[in-house]
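As provided, target.txt (compact mmCIF, C-alpha atoms) reads as follows.
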```txt
# COMPACT_ATOMS: atom_id res chain seq x y z
CA MET A 1315 -11.14 -11.98 -2.63
CA THR A 1316 -7.63 -13.23 -3.15
CA VAL A 1317 -6.18 -11.24 -6.00
CA SER A 1318 -2.48 -11.93 -6.61
CA ILE A 1319 0.02 -9.26 -7.55
CA LEU A 1320 2.72 -9.53 -10.21
CA LEU A 1321 5.35 -6.82 -10.50
CA LEU A 1322 6.57 -6.83 -14.10
CA THR A 1323 9.64 -4.69 -14.65
CA HIS A 1324 12.82 -4.30 -16.73
CA GLU A 1325 15.31 -5.11 -14.00
CA ASP A 1326 14.74 -6.56 -10.56
CA MET A 1327 13.13 -3.46 -9.08
CA GLY A 1328 10.08 -5.61 -8.34
CA ALA A 1329 12.02 -7.77 -5.89
CA ALA A 1330 13.46 -4.67 -4.23
CA LEU A 1331 9.97 -3.17 -3.84
CA ILE A 1332 8.67 -6.41 -2.33
CA ALA A 1333 11.54 -6.50 0.17
CA THR A 1334 10.83 -2.87 1.11
CA ALA A 1335 7.08 -3.40 1.48
CA HIS A 1336 7.79 -6.43 3.63
CA HIS A 1337 10.08 -4.38 5.86
CA ILE A 1338 7.42 -1.68 6.26
CA LEU A 1339 4.33 -3.83 6.67
CA GLY A 1340 5.77 -6.84 8.46
CA ARG A 1341 3.22 -9.12 6.86
CA MET A 1342 1.92 -9.08 3.31
CA ALA A 1343 -1.85 -9.20 2.95
CA LEU A 1344 -1.65 -10.58 -0.61
CA THR A 1345 0.73 -12.80 -2.54
CA VAL A 1346 3.15 -10.55 -4.42
CA GLU A 1347 5.80 -11.84 -6.80
CA ALA A 1348 8.28 -10.14 -9.11
CA HIS A 1349 9.09 -10.98 -12.70
CA ALA A 1350 11.91 -9.18 -14.49
CA ILE A 1351 12.25 -8.89 -18.25
CA PRO A 1352 15.80 -7.58 -18.71
CA PRO A 1353 16.53 -5.46 -21.81
CA GLY A 1354 17.50 -7.68 -24.73
CA THR A 1355 15.29 -10.58 -23.69
CA ASP A 1356 13.49 -12.28 -26.58
CA VAL A 1357 9.91 -11.00 -26.42
CA ASP A 1358 8.27 -14.31 -27.32
CA SER A 1359 10.08 -16.23 -24.61
CA ALA A 1360 9.44 -13.37 -22.15
CA LEU A 1361 5.73 -13.64 -22.90
CA ARG A 1362 5.72 -17.43 -22.44
CA GLU A 1363 7.52 -17.16 -19.12
CA THR A 1364 5.29 -14.33 -17.91
CA VAL A 1365 2.13 -16.23 -18.86
CA ALA A 1366 3.39 -19.26 -16.94
CA HIS A 1367 4.25 -17.11 -13.93
CA ALA A 1368 0.88 -15.33 -13.95
CA ARG A 1369 -1.03 -18.61 -14.27
CA LYS A 1370 0.89 -20.10 -11.37
CA LEU A 1371 0.24 -16.99 -9.29
CA ASP A 1372 -3.52 -16.78 -9.97
CA ALA A 1373 -5.55 -18.04 -7.02
CA GLY A 1374 -8.86 -17.69 -8.86
CA ASP A 1375 -9.69 -14.01 -8.51
CA GLY A 1376 -7.21 -12.70 -11.06
CA VAL A 1377 -3.79 -11.09 -11.13
CA LEU A 1378 -3.07 -7.40 -10.80
CA VAL A 1379 -0.03 -6.74 -12.98
CA LEU A 1380 1.94 -3.65 -12.03
CA THR A 1381 4.50 -2.63 -14.64
CA ASP A 1382 7.22 -0.01 -14.44
CA VAL A 1383 6.51 2.17 -17.49
CA TYR A 1384 3.67 2.20 -19.99
CA GLY A 1385 4.66 1.43 -23.56
CA ALA A 1386 7.85 -0.43 -22.70
CA THR A 1387 8.33 -4.16 -23.25
CA PRO A 1388 7.25 -5.39 -19.77
CA SER A 1389 4.07 -3.33 -20.09
CA ASN A 1390 3.50 -4.59 -23.65
CA VAL A 1391 3.98 -8.16 -22.48
CA ALA A 1392 1.40 -7.53 -19.75
CA GLU A 1393 -1.04 -6.31 -22.40
CA LYS A 1394 -0.65 -9.62 -24.25
CA LEU A 1395 -1.33 -11.51 -21.01
CA ARG A 1396 -4.96 -10.52 -21.49
CA ILE A 1397 -5.21 -12.99 -24.35
CA ALA A 1398 -3.03 -15.85 -23.16
CA GLY A 1399 -3.02 -15.63 -19.41
CA PRO A 1400 -5.45 -15.57 -16.47
CA GLU A 1401 -7.80 -12.62 -15.85
CA ILE A 1402 -5.58 -9.61 -15.31
CA ARG A 1403 -5.67 -5.86 -14.89
CA ARG A 1404 -2.59 -3.91 -15.84
CA VAL A 1405 -1.49 -0.72 -14.10
CA SER A 1406 1.67 1.03 -15.30
CA GLY A 1407 3.92 3.44 -13.41
CA LEU A 1408 4.78 1.15 -10.53
CA ASN A 1409 6.16 2.80 -7.43
CA LEU A 1410 6.36 1.99 -3.71
CA PRO A 1411 3.29 4.06 -2.72
CA MET A 1412 1.27 2.13 -5.33
CA LEU A 1413 2.34 -1.22 -3.88
CA LEU A 1414 1.75 -0.13 -0.28
CA ARG A 1415 -1.73 1.13 -1.09
CA VAL A 1416 -2.64 -2.09 -2.89
CA LEU A 1417 -1.61 -4.09 0.17
CA ASN A 1418 -3.66 -1.71 2.34
CA TYR A 1419 -6.85 -2.63 0.42
CA ALA A 1420 -6.23 -6.34 0.04
CA ASP A 1421 -9.90 -7.36 0.19
CA GLN A 1422 -10.89 -5.50 -2.97
CA PRO A 1423 -11.76 -7.32 -6.20
CA LEU A 1424 -9.42 -7.04 -9.17
CA ALA A 1425 -11.02 -4.12 -11.05
CA GLU A 1426 -11.35 -2.00 -7.91
CA LEU A 1427 -7.82 -2.85 -6.79
CA ALA A 1428 -6.49 -1.55 -10.13
CA GLN A 1429 -8.10 1.83 -9.37
CA THR A 1430 -6.68 1.72 -5.85
CA ALA A 1431 -3.21 1.08 -7.27
CA ALA A 1432 -3.42 3.97 -9.72
CA LEU A 1433 -4.56 6.43 -7.05
CA GLY A 1434 -1.83 5.23 -4.66
CA GLY A 1435 0.84 5.75 -7.30
CA ARG A 1436 -0.41 9.24 -8.13
CA THR A 1437 -0.91 10.50 -4.58
CA GLY A 1438 2.52 9.21 -3.64
CA ILE A 1439 4.11 11.75 -5.96
CA ARG A 1440 4.53 15.07 -4.18
CA ILE A 1441 6.26 18.26 -5.12
CA ASP A 1442 7.42 20.55 -2.33
CA ASP A 1443 5.96 24.01 -2.21
CA ALA A 1444 8.53 26.56 -3.36
CA MET B 846 -17.24 10.74 18.29
CA LEU B 847 -14.08 10.94 20.39
CA GLU B 848 -11.10 13.23 19.99
CA ARG B 849 -7.74 13.34 21.68
CA ASP B 850 -4.62 15.42 21.04
CA ILE B 851 -1.31 13.64 21.21
CA THR B 852 2.30 14.67 20.69
CA ILE B 853 4.43 12.34 18.60
CA SER B 854 7.34 11.20 20.76
CA ASN B 855 9.18 8.54 18.74
CA LYS B 856 12.39 9.64 17.03
CA LEU B 857 11.35 8.83 13.47
CA GLY B 858 7.83 10.26 13.71
CA LEU B 859 5.05 8.83 11.54
CA HIS B 860 7.50 7.10 9.19
CA ALA B 861 6.62 4.13 7.04
CA ARG B 862 6.74 1.31 9.59
CA ALA B 863 4.98 3.34 12.28
CA SER B 864 2.26 4.27 9.81
CA ALA B 865 1.83 0.60 8.88
CA LYS B 866 1.52 -0.39 12.55
CA LEU B 867 -1.15 2.25 13.11
CA VAL B 868 -3.13 1.20 10.04
CA GLN B 869 -2.88 -2.50 10.91
CA LEU B 870 -4.06 -1.81 14.46
CA LEU B 871 -7.07 0.16 13.24
CA GLN B 872 -8.06 -2.41 10.65
CA GLY B 873 -9.23 -4.52 13.58
CA PHE B 874 -11.90 -1.94 14.49
CA LYS B 875 -15.25 -1.19 12.90
CA CYS B 876 -15.28 2.52 13.70
CA ASN B 877 -13.91 5.20 11.41
CA ALA B 878 -10.60 6.68 12.50
CA PHE B 879 -8.99 9.92 11.45
CA LEU B 880 -5.86 11.94 12.12
CA VAL B 881 -5.92 15.71 11.92
CA TYR B 882 -2.64 17.56 11.43
CA ARG B 883 -1.97 21.06 10.07
CA GLY B 884 -5.62 21.43 9.15
CA ARG B 885 -5.72 18.22 7.11
CA GLU B 886 -7.91 15.31 8.11
CA ILE B 887 -6.95 11.89 6.77
CA ASN B 888 -8.32 8.36 7.08
CA ALA B 889 -6.12 6.68 9.68
CA LYS B 890 -6.79 3.29 8.09
CA SER B 891 -5.04 4.44 4.90
CA ILE B 892 -1.27 3.95 4.92
CA MET B 893 -0.66 6.54 2.21
CA GLY B 894 -2.92 9.01 4.03
CA VAL B 895 -0.98 8.59 7.27
CA MET B 896 2.43 8.75 5.59
CA MET B 897 1.56 11.83 3.56
CA LEU B 898 1.13 13.78 6.82
CA ALA B 899 4.92 13.48 7.24
CA ALA B 900 4.39 14.25 10.93
CA GLY B 901 7.69 14.23 12.82
CA ILE B 902 8.71 14.03 16.46
CA GLY B 903 7.21 16.87 18.50
CA SER B 904 4.20 17.28 16.20
CA THR B 905 0.84 17.50 17.92
CA ILE B 906 -1.91 15.70 16.06
CA THR B 907 -5.56 15.08 16.81
CA LEU B 908 -6.81 11.49 16.91
CA ARG B 909 -10.49 11.05 16.09
CA THR B 910 -12.63 7.91 16.22
CA ASP B 911 -16.29 7.59 15.34
CA GLY B 912 -18.40 4.46 15.55
CA ASP B 913 -19.35 1.44 17.64
CA ASP B 914 -15.96 0.58 19.12
CA GLU B 915 -14.59 4.15 19.09
CA GLU B 916 -13.49 4.14 22.72
CA ARG B 917 -11.38 1.00 22.52
CA ALA B 918 -9.92 2.08 19.18
CA MET B 919 -9.01 5.49 20.64
CA ASN B 920 -7.36 3.92 23.69
CA GLU B 921 -5.32 1.46 21.66
CA MET B 922 -4.35 4.07 19.09
CA ALA B 923 -3.21 6.51 21.80
CA ALA B 924 -1.34 3.71 23.55
CA LEU B 925 0.56 2.90 20.34
CA PHE B 926 1.73 6.53 20.08
CA GLU B 927 2.63 6.56 23.77
CA ARG B 928 4.62 3.33 23.40
CA LYS B 929 6.58 5.08 20.61
CA PHE B 930 5.29 2.42 18.21
CA ASP B 931 7.39 -0.15 20.14
CA GLU B 932 10.49 1.34 18.55
CA GLY B 933 12.29 1.95 21.82
CA ALA B 934 13.12 5.58 21.02
```
Just dump the structure as structure tokens.
Amino acid sequence: MTVSILLLTHEDMGAALIATAHHILGRMALTVEAHAIPPGTDVDSALRETVAHARKLDAGDGVLVLTDVYGATPSNVAEKLRIAGPEIRRVSGLNLPMLLRVLNYADQPLAELAQTAALGGRTGIRIDDA
Amino acid sequence: MLERDITISNKLGLHARASAKLVQLLQGFKCNAFLVYRGREINAKSIMGVMMLAAGIGSTITLRTDGDDEERAMNEMAALFERKFDEGA
């Protein structure tokens, strides 16, 4: 399985997360690219560009799209990718633990990797005992 | 099944890069591998599992391997801790 990963965010936090994951892991087990949709961007052109990026990124087993916050424009654009783009799964609430866990389970198929991402994002959030 | 206790000796403890090195080392083995710390047992092939231990310098943890190549995995895992994850300190 060679699922590709697209980080779809408002600003360039995707690139920063990729740089951090690279620093931690040394080598990346999957192709990960970032695509930013800055506030104020025309939605139609953002969708066209994102579709093109996702198609280019797809190596045949689909693209896992990780977006920063559910309901915001990057996440809504990802939803529309289902119609126009390659096979995708969308997971919202991107954080570094989510990305690290995805790269830890690089051999999983797309649907399973989406579950892996969600669990990684959730378990990465900890609250200290009082 | 093999078990060995080890004291973490690198300055930064089981931080992100050290955790990644451990996980990447163990991915080359068939056996299951676990770390036990403060009563919690985690899958040592899981980077989030290892990092969530937040085990610092001076912590004593139990390494556990179970499966075909458990002895070699245990030796290499223990060696990585003893080499301070090749961090020099």
How close does each residue of chain A get to chain B, giving the shortest atom pair and distance in Å to one decimal for every residue with an atom at most 9 Å away, counting all atoms listed in the file, sorted by chain and residue number, as JSON lines?
```
{"residue": "A:His1337", "atom": "CA", "partner": "B:Arg862", "partner_atom": "CA", "distance": 7.6}
{"residue": "A:Ile1338", "atom": "CA", "partner": "B:Arg862", "partner_atom": "CA", "distance": 4.5}
{"residue": "A:Leu1339", "atom": "CA", "partner": "B:Ala865", "partner_atom": "CA", "distance": 5.5}
{"residue": "A:Gly1340", "atom": "CA", "partner": "B:Arg862", "partner_atom": "CA", "distance": 8.3}
{"residue": "A:Pro1411", "atom": "CA", "partner": "B:Met893", "partner_atom": "CA", "distance": 6.8}
{"residue": "A:Met1412", "atom": "CA", "partner": "B:Met893", "partner_atom": "CA", "distance": 8.9}
{"residue": "A:Leu1414", "atom": "CA", "partner": "B:Ile892", "partner_atom": "CA", "distance": 7.3}
{"residue": "A:Arg1415", "atom": "CA", "partner": "B:Met893", "partner_atom": "CA", "distance": 6.4}
{"residue": "A:Asn1418", "atom": "CA", "partner": "B:Ile892", "partner_atom": "CA", "distance": 6.7}
{"residue": "A:Tyr1419", "atom": "CA", "partner": "B:Ser891", "partner_atom": "CA", "distance": 8.6}
{"residue": "A:Gly1434", "atom": "CA", "partner": "B:Met893", "partner_atom": "CA", "distance": 7.1}
{"residue": "A:Thr1437", "atom": "CA", "partner": "B:Met893", "partner_atom": "CA", "distance": 7.9}
{"residue": "A:Gly1438", "atom": "CA", "partner": "B:Met893", "partner_atom": "CA", "distance": 7.2}
{"residue": "A:Arg1440", "atom": "CA", "partner": "B:Met897", "partner_atom": "CA", "distance": 8.9}
```
Considering all atoms listed in the file, state which residue in the set A:Leu1395, A:Leu1410, A:Val1317, A:Ala1420 is at the smallest distance from Leu1371 in chain A.
-> A:Val1317
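If you look at CA of Thr1430 in chain A and CA of Ile1332 in chain A, they are 17.7 Å away from each other.
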Which polymer residues have any atom within 10 Å of an atom of Glu886 in chain B, counting all atoms listed in the file, with same-chain residues fewer than 6 positions away left out, as a ChimeraX atom specification?
-> /B:879-880,894-895,898,906-909
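CA of Asp1421 in chain A is positioned 25.8 Å from CA of Ala1398 in chain A.
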For the atom pair CA of Gly1328 in chain A and CA of Ala1348 in chain A, what is the interatomic distance in Å to one decimal place?
-> 4.9 Å
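The protein and nucleic acid residues lying at most 7 Å from Pro1388 in chain A are Leu1322, Thr1323, His1324, Ile1351, Thr1381 and Ala1392 of chain A, with only C-alpha atoms considered and sequence neighbours fewer than 4 positions away removed.
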Return the padded bounding box of range 879-897 of chain B as JSON: axis-aligned, built from all atoms listed in the file, 4 Å added on each side, with centre and edge lengths in Å to one decimal.
```
{"center_x": -3.3, "center_y": 12.4, "center_z": 7.2, "size_x": 19.4, "size_y": 26.1, "size_z": 17.9}
```
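For Val1377 in chain A, the residues within 8 Å (counting only C-alpha atoms, excluding itself and residues fewer than 2 positions away along the chain) are Val1317, Ser1318, Ile1319, Leu1320, Ala1368, Leu1371, Asp1372, Asp1375, Val1379, Pro1400, Glu1401, Ile1402, Arg1403 and Leu1424 of chain A.
Closest approach to Arg1362 in chain A among A:Met1342, A:Leu1380, A:Val1391, A:Val1416: A:Val1391, based on only C-alpha atoms.
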